[in-house]
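The structure under discussion appears below in the form of structure tokens.
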Amino acid sequence: PGRPMATSSSTAKPSAMVTLPRIGLGMAALGRPGYINLNRSSTFGNKDNRDISAMQDRANSVMDAIFTSRSSSTTTTMPWLDCARSYGLSEQFVGEYLRKKNVDPKDVYVSSKWGYTYVADWKVELEEGAPHEVKDHSVENFLKQIEETSTHVGEYINLYQVHSATFESGILTDKRVHSALHQCRTQRNWKIGLSVSGPNQDEILREAMKITVSDGGDECQLFDSVQCTYNVLEQRPSTALMEAHEAGLDIIIKEGLANGRALQHPKIIQIAEQMDNCTPDQIALACILAQPFQPRVLSGAVTPEQFVSNAAALDLADKMKVEGSKENGMMKEVMEGCVMESEEYWKERSALAWN
């Protein structure tokens, strides 16, 4: 159970031997009323109009689009939903949606995360300095949160991830947690992953790749996958992601549009104007999907239209991979023209307001 597989899935759903979905829906912006993505009010309206029912209806509409686009898209891909214990009610929304629709677990891919607790009490903004989520990577919190995840969406889970592993949180050295994670993989047949953030994500990933656990007398890698921030602005982790891919890890990319910042970059706007039937979101996401570390990418869409547009990046990415093609040249121009210093990128991100 500890051997990671990069191209096929052997999950809690025994009949599901399929190619892993290349684009999915991240629930960070749909599972709670506030998030740091730019200009949420232009989509969600007044922050007082985001009660649980309204947010669940919106989440359902985007999930509807995923299941619909699966059957109508030129690029067939299994619906994929990515939650976290700290994304408000994301697990509850996803679990209720799938159960109500009687979706067979083998017909959907669901990933979630543990390690943070949502504490914002369904508020968009908090007093200055007050956290929206609190981190705890202890084995006790893992055992508590895995039961909560199981209650909300357990039969659908394919992948369970440590949420935002850091050197400071202790997760990289706590053998009790490592043992519990491996036990989860063995008993539940869930893949085990970690997500990383910050200017030193590459260093955290490399350290995580060294962690092994005993599996029937053999040593195997603890982590099957990594979820990392990588986009046209923040490109620093590329080398570490290639190392992880070559080691067999499943590479998942979050914040592919940099919380909306990538869409405002003059280079992306310029290229979109030059290309026929190409939007800034598709260019930014295709540049990620075309990378040699073969990433799967999460969309942060909050409307059905946004998800459908994001998903069209799959076809563009395939054209970008062809050396010498017009699209390949465009990708190189974008990647060279948009890249930022990693420290500056994360400094700007930390200044984004919950809205």
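Letters A, B, ... mark the chains of the structure tokens in the order given; residue numbers begin at 1 per chain; ligand numbers begin at 1, in order shown.
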
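Residues lying within 7 Å of Gly24 (chain A), counting only C-alpha atoms and ignoring same-chain neighbours fewer than 4 positions away, are A:Pro79, A:Trp80, A:Leu81, A:Val297, A:Leu298, A:Ser299.
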
Subject >> Spatial neighbours of Glu344 (chain A), max dist 12 Å, only C-alpha atoms, sep filter under 5 positions, as a list of chain:residue names >> reply: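 Using only C-alpha atoms, the neighbours found are A:Gly198, A:Pro199, A:Leu233, A:Glu234, A:Arg236, A:Val339, A:Arg349, A:Ser350, A:Ala351.
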
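Atom to atom, CA of Ser238 (chain A) and CA of Ile23 (chain A) stand 18.6 Å apart.
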
Subject >> Nearby residues (only C-alpha atoms) at most 10 Å from Glu327 (chain A), same-chain spacing under 4 positions excluded, as a PyMOL selection string >> reply: chain A and resi 275+283+286-287+316-323+331-333

Taking C-alpha atoms for each residue, export the selection above as a PDB file, in the first residue's frame.
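Just written: part.pdb:
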```
ATOM      1  CA  MET A 275      -4.690  34.231 -29.403  1.00  0.00           C
ATOM      2  CA  ILE A 283      -3.433  30.264 -20.636  1.00  0.00           C
ATOM      3  CA  ALA A 286      -2.401  25.344 -19.438  1.00  0.00           C
ATOM      4  CA  CYS A 287       1.127  26.606 -18.708  1.00  0.00           C
ATOM      5  CA  LEU A 316      -4.471  24.021 -24.798  1.00  0.00           C
ATOM      6  CA  ALA A 317      -1.905  22.349 -22.538  1.00  0.00           C
ATOM      7  CA  ASP A 318      -1.615  19.382 -24.896  1.00  0.00           C
ATOM      8  CA  LYS A 319      -0.778  21.786 -27.742  1.00  0.00           C
ATOM      9  CA  MET A 320       1.770  23.597 -25.537  1.00  0.00           C
ATOM     10  CA  LYS A 321       3.645  20.317 -25.023  1.00  0.00           C
ATOM     11  CA  VAL A 322       4.471  20.053 -28.722  1.00  0.00           C
ATOM     12  CA  GLU A 323       7.997  21.455 -29.113  1.00  0.00           C
ATOM     13  CA  MET A 331       4.029  29.029 -22.974  1.00  0.00           C
ATOM     14  CA  LYS A 332       7.746  29.883 -22.855  1.00  0.00           C
ATOM     15  CA  GLU A 333       6.970  33.574 -23.338  1.00  0.00           C
TER      16      GLU A 333
END
```

Subject >> Exercise: His137 (chain A) partners within 9 Å, only C-alpha atoms, chain neighbours under 6 positions left out, as a list in words >> reply: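 The neighbour list is Trp114, Gly115, Tyr116, Val162, His163, Ala165, Ser169, Gly170, Ile171 and Val177 of chain A.
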
**OP:** Give the alpha helix (DSSP H) residues of region 110-265 of chain A, as assigned by DSSP on the backbone, as a PyMOL selection string.
**Re:** chain A and resi 139-153+175-188+201-209+238-246

**OP:** as a PyMOL selection string, list the residues of region 3-230 of chain A assigned to strand (DSSP E or B) by DSSP on the backbone atoms of this structure.
**Re:** chain A and resi 8+19+23-26+80-82+109-114+116-118+133-135+157-162+191-196+212-215+218-221+225-229
